[in-house]
Amino acid sequence: MILLLMFYLGLSQLQGQEYRVEFTEKPLNRALIELRQQYSLRFSFDDRNLSAYFISVSGTFSSVDKLLNALLAGLPLQWELMGNVYVIFQGAKGIQPSRFLIAGQVLEKGTGEPLAFSHIQIGDHSLVTDVKGSFSFVSDEDSVFSMKASHLGCFVVDILLAPGSNHKIFLTPFSYDLPEVIVRDNIVARSVQVGERPGLISLNTYIADYLPGNGDNSVFNLLRLQPGVVAAGEQAGDLIIWGSYEGTSRVKFDGMTIWGLKNFNDNISAINPFMTKSVEVLKGGFDASFDDVAGGLVNIAGKTGKRQRAGFHFFINNETLNGMVETPLSEKSSLTLAYRQTYYDLFDAEDVDNSDLEYRIAVKPDYRFRDFNAKYASHQDDGSLFYISLLGGDDDFSYTAEQERQRNTIYQSTSEENHQIGGSVYWGKNRKNGDHFQIKGAWSGLFSTYGVERNISNNRFNRQFSGIDKNTETNVGEGNLKFDYGFQLLDNQRISFGLEGISNTLSIQEDSSNLTVLDSEYSAMRIAGFVKDKIPLLPRIVFQPGLRYNYSFYTSSGYPDPRLELIYESQGAFSASAAWGAYHQFIVKSSLYDETGNFRYVWTLADGEDIPVLEAQHWVMGASWKRNDFTANVDAFYKTVNGLTRYVRFNQSEESVYKGEGYSLGVDVFLKRDFNANTIWISYSLAQAKERFSYFVQDDYRRAPHDQRHELKIAGLMRFFKRFHFSAAYVYGSGFPLYANYLSEEYTEPDYSRLDVALFYRLMRGNVKAQAGISLLNALNHYNVKYISFEQIPLDQLYTAYIDAEAVTFTPLLFLKFEF
């Protein structure tokens with residue numbers, strides 16, 4: 001009997017396992033979950049999609065194949081075995097589609113925030129999500145897709161997906177406090193991502209919180225540490241990207257142009273870091289869908305707010321207060337409010353260094369900064385996004401300087417006020433066939449006043465000498481409305497086209513000694529259209545041609561800008577790219593070089609005659625090597641620009657306008673290594689920027705004001721004892737031309753050197769996250785010259801006093817931040 005029973009059991013095993021089911025009006029997704037638990041089967045399916053189907057199946061099945069055929073009978077679903085996983089996907093049974101679409105969104109786990117500029121890898125093809133975190137891909141070969149999704153600062157997700165248009169991929173932030181688990185075969189992208197496209201850098205705003213200077217300038221602290229973005233000189237209101245002139249690079253937040261709020265000591269950025277989600281830097285060679293600028297672009301996508309529960313963020317240090325509130329308005333919408341402000345009487349005379357002067361200058365600085373953000377956002381189940389974003393901010397800086405000499409007393413009062421306001425509206429929708437469109441509208445303006453009063457009086461005879469009394473008001477604004485549409489063909493060919501209307505306004509008023517010398521108002525409109533195509537030439541080579549065409553009603557002329565990209569996409573460690581493009585810029589900054597050797601920049605509208613439209617060309621090449629946790633990237637660039645305008649004031653009565661041209665070239669080297677919870681990167685830039693104007697004594701190219709030959713940056717972030725974080729950043733620059741001897745090649749400003757260090761402690765209790773720490777900016781107290789921000793005051797025919805009111809000296813920052 002025992003032998004007979006053993007024979008029967010062995011025969012049953014040979015015949016295979018039987019599967020017994022009893023389902024009555026049961027959701028298909030729940031039925032599959034029960035089968036998985038009961039029989040240790042492995043399924044992959046869209047839970048939300050299958051929950052809409054109710055099945056009634058009863059019986060015993062001798063194989064999984066027969067079981068699945070019975071479960072899916074009469075339903076528009078198919079199944080396929082991938083390895084040991086049964087993948088169930090949408091599709092009419094018995095009908096093989098000619099194309100397979102996969103589309104969806106990448107979202108942050110816990111908040112549901114769309115992760116803009118995330119990277120998607122589907123087979124041999126690389127994609128980048130849009131501002132909604134959306135992606136789409138079409139294939140005529142695969143019916144099941146192996147996809148890897150990554151976003152800087154988040155754990156990588158590797159998943160099998162069936163065709164469909166509403167996939168939700170949730171990524172967990174690296175800084176998210178997880179239970180004690182061991183994660184294997186996952187690379188955590190912690191800081192910077194380079195090499196995916198020519199001149200492109202994607203930045204991780206999560207990691208920015210751990211850099212020195214944490215708080216009000218965390219995003220720009222991270223920006224300045226990237227190759228090709230000049231950190232030396234600590235520009236307060238602009239970015240120098242790959243040798244670009246002031247005003248030729250553009251920073252945008254939620255589609256609004258950030259015109260450049262300044263700050264006293266570079267510790268407060270024009271954008272509240274609480275509102276920032278993703279940062280994309282395009283140093284050059286960008287495609288036809290992007291704005292009309294001759295330099296570089298920085299696109300910052302703002303947060304869309306929490307929809308699950310309300311949240312509160314608070315930050316305080318010894319300079320500013322910052323707070324943000326996120327509150328759900330419904331299951332699909334939220335409202336976010338944020339406000340920052342500096343303390344009153346933040347700086348005193350000791351913040352201005354004039355100890356090297358023979359006669360000490362008594363300086364009284366005054367400064368205030370504040371800004372406000374509001375954003376309403378609504379998400380739909382199909383991945384569409386609608387938001388309204390508003391911002392307003394102002395900074396007021398002034399100082400008085402007085403110096404008593406043996407015979408004379410020199411007095412100067414300088415003030416500058418900048419007020420920026422803006423708003424944007426966005427609606428983006430994903431269609432079921434994988435197409436997508438978006439409508440964006442934005443307006444922003446900067447209202448600036450600049451005044452300087454300078455006089456010299458004779459102490460003995462109480463006689464007042466002629467001086468300077470000038471006031472300038474400049475208001476600049478830009479509004480745009482843009483529509484673009486993208487659709488996908490087979491073989492991953494994607495075509496996008498769009499139409500945009502742009503309006504610029506500019507008014508300038510200037511008076512000298514209460515007499516109006518300039519009172520002008522300008523407005524200009526133009527329309528722009530673009531089309532670009534992404535064509536796979538070979539399995540790993542992608543060609544992306546594009547054309548942007550502008551027609552300016554102000555100049556009554558058209559301006560075609562062809563642009564080309566070639567990308568080698570490898571499944572291995574190596575990738576390469578190249579790009580060429582033509583660019584025009586219609587609202588520009590003209591430089592003013594006055595008789596005292598000071599540089600200033602003022603916004604102007606190009607009319608094609610007195611102020612030419614800027615013309616630029618970019619040549620960009622790059623190569624990247626990525627293996628495990630190591631990244632090496634090299635970018636080379638060559639840029640030309642024509643149509644520069646400079647006002648040169650030789651004396652109080654003689655002023656002329658000159659046109660010029662320039663070029664910049666160089667190479668960036670970037671090395672990064674991630675290990676455990678630590679990261680370190682090194683970047684080196686070798687560059688040259690030269691210009692030529694007709695007022696030069698010799699008709700030859702000379703160093704541009706922002707020319708710097710070498711810049712080295714080192715940054716490291718380390719975690720120890722689980723809750724402690726240490727970071728350090730060092731920047732070395734070889735110096736700009738000496739402005740007092742601008743026309744001489746012989747003189748150069750002193751080398752720039754700055755070391756910042758920080759130590760943070762991070763704690764989480766329930767829903768409350770707290771962080772406290774200290775940052776030491778310019779920890780070695782190296783003397784550095786601020787780029788074009790000091791005043792030269794002529795004392796007499798032989799001597800000139802230099803007021804460097806914005807220099808960053810040794811600055812400790814104690815801070816406390818918490819959120820819940």
# chains A, B, ... in the order shown; residues from 1 in each chain; ligands from 1

call {"tool": "residues_around", "arguments": {"residues": "Met718 in chain A", "least_positions_apart": "6", "cutoff": "9 Å", "atoms": "only C-alpha atoms", "output": "number ranges by chain"}}
result
A: 677-680, 724-727

call {"tool": "write_last_selection", "arguments": {"atoms": "N, CA, C and O atoms", "output": "compact mmCIF listing (two decimals), in the first residue's frame"}}
result
# COMPACT_ATOMS: atom_id res chain seq x y z
N ALA A 677 27.06 56.28 1.66
CA ALA A 677 26.21 57.47 1.74
C ALA A 677 27.01 58.75 1.49
O ALA A 677 26.61 59.83 1.89
N ASN A 678 28.13 58.63 0.79
CA ASN A 678 29.03 59.76 0.59
C ASN A 678 29.20 60.04 -0.90
O ASN A 678 29.03 59.15 -1.74
N THR A 679 29.59 61.25 -1.21
CA THR A 679 29.88 61.60 -2.60
C THR A 679 30.95 62.69 -2.62
O THR A 679 31.04 63.52 -1.70
N ILE A 680 31.76 62.69 -3.65
CA ILE A 680 32.78 63.71 -3.84
C ILE A 680 32.92 63.97 -5.32
O ILE A 680 32.83 63.04 -6.13
N PHE A 724 24.76 62.42 11.41
CA PHE A 724 25.63 63.57 11.19
C PHE A 724 26.06 63.64 9.72
O PHE A 724 26.35 62.61 9.12
N HIS A 725 26.10 64.85 9.21
CA HIS A 725 26.52 65.07 7.84
C HIS A 725 27.59 66.17 7.83
O HIS A 725 27.41 67.23 8.44
N PHE A 726 28.67 65.90 7.13
CA PHE A 726 29.75 66.88 6.98
C PHE A 726 29.93 67.17 5.49
O PHE A 726 29.89 66.25 4.67
N SER A 727 30.12 68.43 5.15
CA SER A 727 30.34 68.79 3.75
C SER A 727 31.37 69.90 3.66
O SER A 727 31.55 70.69 4.60

call {"tool": "residues_around", "arguments": {"residues": "Phe89 in chain A", "least_positions_apart": "2", "cutoff": "7 Å", "atoms": "only C-alpha atoms", "output": "short mmCIF file (atom, residue, chain, number, x, y, z; two decimals) with all heavy atoms, in the first residue's frame"}}
result
data_model
loop_
_atom_site.label_atom_id
_atom_site.label_comp_id
_atom_site.auth_asym_id
_atom_site.auth_seq_id
_atom_site.Cartn_x
_atom_site.Cartn_y
_atom_site.Cartn_z
N PHE A 45 1.13 43.33 -13.28
CA PHE A 45 -0.06 43.89 -13.94
C PHE A 45 -0.32 45.29 -13.38
O PHE A 45 0.24 45.70 -12.36
CB PHE A 45 -1.28 42.99 -13.71
CG PHE A 45 -1.58 42.70 -12.27
CD1 PHE A 45 -2.37 43.55 -11.50
CD2 PHE A 45 -1.05 41.56 -11.66
CE1 PHE A 45 -2.62 43.29 -10.17
CE2 PHE A 45 -1.31 41.28 -10.32
CZ PHE A 45 -2.10 42.16 -9.57
N LEU A 77 -7.75 41.59 -22.57
CA LEU A 77 -6.46 41.46 -21.89
C LEU A 77 -5.70 40.29 -22.48
O LEU A 77 -6.29 39.32 -22.99
CB LEU A 77 -6.65 41.24 -20.39
CG LEU A 77 -7.39 42.34 -19.61
CD1 LEU A 77 -7.68 41.87 -18.19
CD2 LEU A 77 -6.57 43.61 -19.58
N GLN A 78 -4.37 40.37 -22.40
CA GLN A 78 -3.49 39.29 -22.82
C GLN A 78 -2.50 39.01 -21.72
O GLN A 78 -2.33 39.81 -20.79
CB GLN A 78 -2.73 39.67 -24.10
CG GLN A 78 -3.62 39.89 -25.33
CD GLN A 78 -2.79 40.16 -26.56
OE1 GLN A 78 -1.80 39.46 -26.81
NE2 GLN A 78 -3.17 41.16 -27.32
N TRP A 79 -1.84 37.86 -21.81
CA TRP A 79 -0.77 37.56 -20.87
C TRP A 79 0.42 37.00 -21.63
O TRP A 79 0.30 36.47 -22.73
CB TRP A 79 -1.23 36.57 -19.79
CG TRP A 79 -1.58 35.19 -20.30
CD1 TRP A 79 -2.80 34.76 -20.70
CD2 TRP A 79 -0.68 34.09 -20.46
NE1 TRP A 79 -2.74 33.44 -21.11
CE2 TRP A 79 -1.45 33.01 -20.96
CE3 TRP A 79 0.68 33.90 -20.25
CZ2 TRP A 79 -0.89 31.77 -21.25
CZ3 TRP A 79 1.23 32.67 -20.51
CH2 TRP A 79 0.46 31.61 -21.02
N VAL A 87 3.08 38.31 -17.14
CA VAL A 87 2.76 39.72 -17.34
C VAL A 87 1.40 39.81 -18.02
O VAL A 87 1.18 39.22 -19.09
CB VAL A 87 3.83 40.42 -18.20
CG1 VAL A 87 3.48 41.89 -18.37
CG2 VAL A 87 5.20 40.26 -17.55
N GLY A 91 -5.05 44.61 -24.25
CA GLY A 91 -4.98 44.25 -25.66
C GLY A 91 -6.05 43.26 -26.01
O GLY A 91 -6.33 42.33 -25.25
N ALA A 162 3.74 46.47 -18.77
CA ALA A 162 2.96 46.13 -19.95
C ALA A 162 2.56 47.41 -20.67
O ALA A 162 2.59 48.49 -20.07
CB ALA A 162 1.71 45.34 -19.55
N PRO A 163 2.19 47.33 -21.95
CA PRO A 163 1.74 48.54 -22.65
C PRO A 163 0.59 49.19 -21.91
O PRO A 163 -0.26 48.54 -21.31
CB PRO A 163 1.31 48.00 -24.01
CG PRO A 163 2.08 46.74 -24.19
CD PRO A 163 2.20 46.15 -22.82
#

call {"tool": "closest_atom_pairs", "arguments": {"of": "range 617-685 of chain A", "to": "range 729-734 of chain A", "cutoff": "12 Å", "atoms": "only C-alpha atoms", "output": "Markdown table"}}
result
| residue | atom | partner | partner_atom | distance |
| --- | --- | --- | --- | --- |
| A:Ile680 | CA | A:Ala729 | CA | 9.7 |
| A:Trp681 | CA | A:Ala729 | CA | 9.7 |
| A:Ile682 | CA | A:Tyr730 | CA | 9.6 |
| A:Ser683 | CA | A:Val731 | CA | 9.7 |
| A:Tyr684 | CA | A:Tyr732 | CA | 9.6 |
| A:Ser685 | CA | A:Gly733 | CA | 9.5 |

call {"tool": "residues_around", "arguments": {"residues": "Arg762 in chain A", "least_positions_apart": "2", "cutoff": "9 Å", "atoms": "only C-alpha atoms", "output": "compact mmCIF listing (two decimals) with N, CA, C and O atoms, in the first residue's frame"}}
result
# COMPACT_ATOMS: atom_id res chain seq x y z
N LYS A 722 25.24 57.92 11.29
CA LYS A 722 23.86 57.86 10.80
C LYS A 722 23.20 59.23 10.69
O LYS A 722 22.57 59.54 9.68
N ARG A 723 23.32 60.08 11.70
CA ARG A 723 22.59 61.34 11.72
C ARG A 723 23.44 62.56 11.43
O ARG A 723 22.90 63.65 11.22
N PHE A 724 24.76 62.42 11.41
CA PHE A 724 25.63 63.57 11.19
C PHE A 724 26.06 63.64 9.72
O PHE A 724 26.35 62.61 9.12
N HIS A 725 26.10 64.85 9.21
CA HIS A 725 26.52 65.07 7.84
C HIS A 725 27.59 66.17 7.83
O HIS A 725 27.41 67.23 8.44
N PHE A 760 26.12 69.20 9.96
CA PHE A 760 24.69 69.16 10.22
C PHE A 760 24.34 67.94 11.07
O PHE A 760 25.00 66.90 10.99
N MET A 764 14.68 62.65 13.00
CA MET A 764 13.29 62.45 12.63
C MET A 764 12.55 61.79 13.77
O MET A 764 12.98 60.79 14.32
N LYS A 769 10.65 66.25 10.88
CA LYS A 769 12.06 66.15 10.52
C LYS A 769 12.74 67.44 10.94
O LYS A 769 12.27 68.54 10.62
N ALA A 770 13.85 67.32 11.62
CA ALA A 770 14.58 68.49 12.10
C ALA A 770 16.03 68.41 11.66
O ALA A 770 16.58 67.32 11.50
N GLN A 771 16.61 69.58 11.45
CA GLN A 771 18.01 69.65 11.04
C GLN A 771 18.62 70.90 11.65
O GLN A 771 18.03 71.99 11.60
N ALA A 772 19.79 70.76 12.23
CA ALA A 772 20.50 71.89 12.82
C ALA A 772 21.97 71.78 12.45
O ALA A 772 22.49 70.68 12.23
N GLY A 773 22.63 72.91 12.38
CA GLY A 773 24.03 72.85 12.03
C GLY A 773 24.68 74.21 11.92
O GLY A 773 24.08 75.25 12.23

call {"tool": "residues_around", "arguments": {"residues": "Ile527 in chain A", "least_positions_apart": "2", "cutoff": "10 Å", "atoms": "only C-alpha atoms", "output": "list in words"}}
result
Asn480, Leu481, Lys482, Leu499, Glu500, Gly501, Ile502, Ser503, Met525, Gly529, Tyr549, Asn550, Tyr551, Ser552, Phe553 and Gly558 of chain A
